[in-house]
Amino acid sequence: MAAAYNYGPTTDLMIGIGTRLELPTMSRWPYRPEGLKSIRIDIDPTEMRRYAPDTAVIAMPRPAPPTWSLRSGRPATAGPAAGARQSRSHGRGHQEIQKIQPQMAYLNILREVLPANAIVTDELSQVASPPGTVFRSMSRAPSSPRAIRARSAPLPTALGAKVAHPDRPVVAITGDGGFMFGVQELSTAVQFKIGVVTLVFNNNAYGNVRRDQRERFDGAWWRPTFVNPDFVKLAESFGVGAARVTSRIISAPRWKRRWPMAGPT
């Protein structure tokens with residue numbers, strides 16, 4: 001997504017196939033390049049009201065639509081110039097997204113230690129939103145569909161993904177608020193010996209809500225903060241191994257770049 005953002009100012013036509021085009025409809029990022037034309041292909045007519053396209057096609061998208069040249073009607077191929085442009089865009093996107101900290105610091109470590117078939121589940125929070133962007137660009141396989149990235153989803157979704165793919169490492173990334181929505185699933189993990197890794201980021205608040213109250217509602221205070229349990233002790237009370245991270249790690253040691261596969265974590 002960070003790389004695709006750079007294409008905006010020089011893009012004439014955007015075609016959305018079976019996608020909600022969620023970011024352009026959000027109040028936090030209403031960016032849309034001037035003069036950009038759009039075509040949307042979606043089975044749900046109500047989606048056309050979220051992001052009104054220039055041309056709406058109500059139809060079932062084919063599973064793997066080919067890339068067509070609009071001029072010739074034949075499948076298009078990317079030439080050297082297009083490939084070079086794509087490489088430059090990805091390079092700029094990678095550099096720009098590194099400014100997002102501390103999110104990118106821990107995601108870079110995950111990129112080092114996770115194999116290509118890893119499954120990562122995430123949610124809509126300040127720490128758990130970037131993974132879907134970063135890992136998708138690496139051909140990783142986030143299992144959280146963009147439409148259901150709700151609080152509480154990462155841990156339950158990760159457990160289901162692990163049951164479906166027991167030989168693949170699964171990581172759930174969640175904030176403290178989202179984790180507490182589904183904390184009882186630790187019992188499920190232990191009972192059925194489902195081995196996933198959950199990263200819980202604790203700021204004792206719904207961070208997005210707190211930020212919106214400060215920046216968009218003149219600091220109106222409606223208690224977006226709360227008191228959390230000691231998450232390490234809570235996990236241990238379920239019989240789950242847990243550890244508290246107290247320092248920033250820039251890179252994983254090479255000898256640790258292996259992924260544990262066994263046991264609930």
# chains A, B, ... in the order shown; residues from 1 in each chain; ligands from 1
$ residues_around --residues "segment 170-173 of chain A" --least-positions-apart "5" --cutoff "9 Å" --atoms "only C-alpha atoms" --output "JSON, numbers by chain"
{"A": [118, 119, 120, 121, 122, 123, 127, 128, 129, 131, 153, 154, 155, 156, 157, 158, 159, 161, 162, 165, 195, 196, 197, 198, 199, 200, 201]}
$ write_last_selection --atoms "C-alpha atoms" --output "PDB file, in the first residue's frame"
ATOM      1  CA  ALA A 118       3.377 -17.597   7.974  1.00  0.00           C
ATOM      2  CA  ILE A 119      -0.118 -16.386   8.832  1.00  0.00           C
ATOM      3  CA  VAL A 120      -0.487 -13.022  10.574  1.00  0.00           C
ATOM      4  CA  THR A 121      -3.777 -11.792  12.060  1.00  0.00           C
ATOM      5  CA  ASP A 122      -4.319  -8.169  13.015  1.00  0.00           C
ATOM      6  CA  GLU A 123      -6.940  -5.584  13.918  1.00  0.00           C
ATOM      7  CA  VAL A 127      -0.037  -1.019  16.546  1.00  0.00           C
ATOM      8  CA  ALA A 128      -1.922  -3.730  14.688  1.00  0.00           C
ATOM      9  CA  SER A 129      -3.016  -1.919  11.528  1.00  0.00           C
ATOM     10  CA  PRO A 131       0.962  -5.624   9.463  1.00  0.00           C
ATOM     11  CA  ALA A 153     -10.451 -10.635  16.138  1.00  0.00           C
ATOM     12  CA  PRO A 154      -6.683 -11.392  16.128  1.00  0.00           C
ATOM     13  CA  LEU A 155      -6.475 -14.135  18.788  1.00  0.00           C
ATOM     14  CA  PRO A 156      -9.667 -16.080  17.908  1.00  0.00           C
ATOM     15  CA  THR A 157      -8.873 -15.795  14.201  1.00  0.00           C
ATOM     16  CA  ALA A 158      -5.315 -16.985  14.789  1.00  0.00           C
ATOM     17  CA  LEU A 159      -6.568 -20.040  16.673  1.00  0.00           C
ATOM     18  CA  ALA A 161      -6.087 -20.429  11.270  1.00  0.00           C
ATOM     19  CA  LYS A 162      -3.735 -22.649  13.252  1.00  0.00           C
ATOM     20  CA  HIS A 165      -3.021 -25.009   8.981  1.00  0.00           C
ATOM     21  CA  GLY A 195       0.154 -23.205  19.426  1.00  0.00           C
ATOM     22  CA  VAL A 196       0.023 -19.576  18.295  1.00  0.00           C
ATOM     23  CA  VAL A 197       2.059 -16.540  19.293  1.00  0.00           C
ATOM     24  CA  THR A 198       0.191 -13.419  20.403  1.00  0.00           C
ATOM     25  CA  LEU A 199       1.843  -9.999  20.630  1.00  0.00           C
ATOM     26  CA  VAL A 200      -0.079  -7.731  23.019  1.00  0.00           C
ATOM     27  CA  PHE A 201       0.776  -4.025  22.990  1.00  0.00           C
TER      28      PHE A 201
END
$ decode --residues "segment 113-127 of chain A" --atoms "C-alpha atoms" --output "JSON list (two decimals), in the first residue's frame"
[["chain", "number", "residue", "atom", "x", "y", "z"],
["A", 113, "VAL", "CA", 12.10, -14.57, 11.60],
["A", 114, "LEU", "CA", 8.86, -15.60, 9.89],
["A", 115, "PRO", "CA", 8.91, -18.03, 6.97],
["A", 116, "ALA", "CA", 7.09, -17.17, 3.76],
["A", 117, "ASN", "CA", 4.05, -19.29, 4.63],
["A", 118, "ALA", "CA", 3.38, -17.60, 7.97],
["A", 119, "ILE", "CA", -0.12, -16.39, 8.83],
["A", 120, "VAL", "CA", -0.49, -13.02, 10.57],
["A", 121, "THR", "CA", -3.78, -11.79, 12.06],
["A", 122, "ASP", "CA", -4.32, -8.17, 13.01],
["A", 123, "GLU", "CA", -6.94, -5.58, 13.92],
["A", 124, "LEU", "CA", -7.80, -1.91, 13.61],
["A", 125, "SER", "CA", -5.52, -0.33, 16.20],
["A", 126, "GLN", "CA", -2.46, 1.89, 16.18],
["A", 127, "VAL", "CA", -0.04, -1.02, 16.55]]
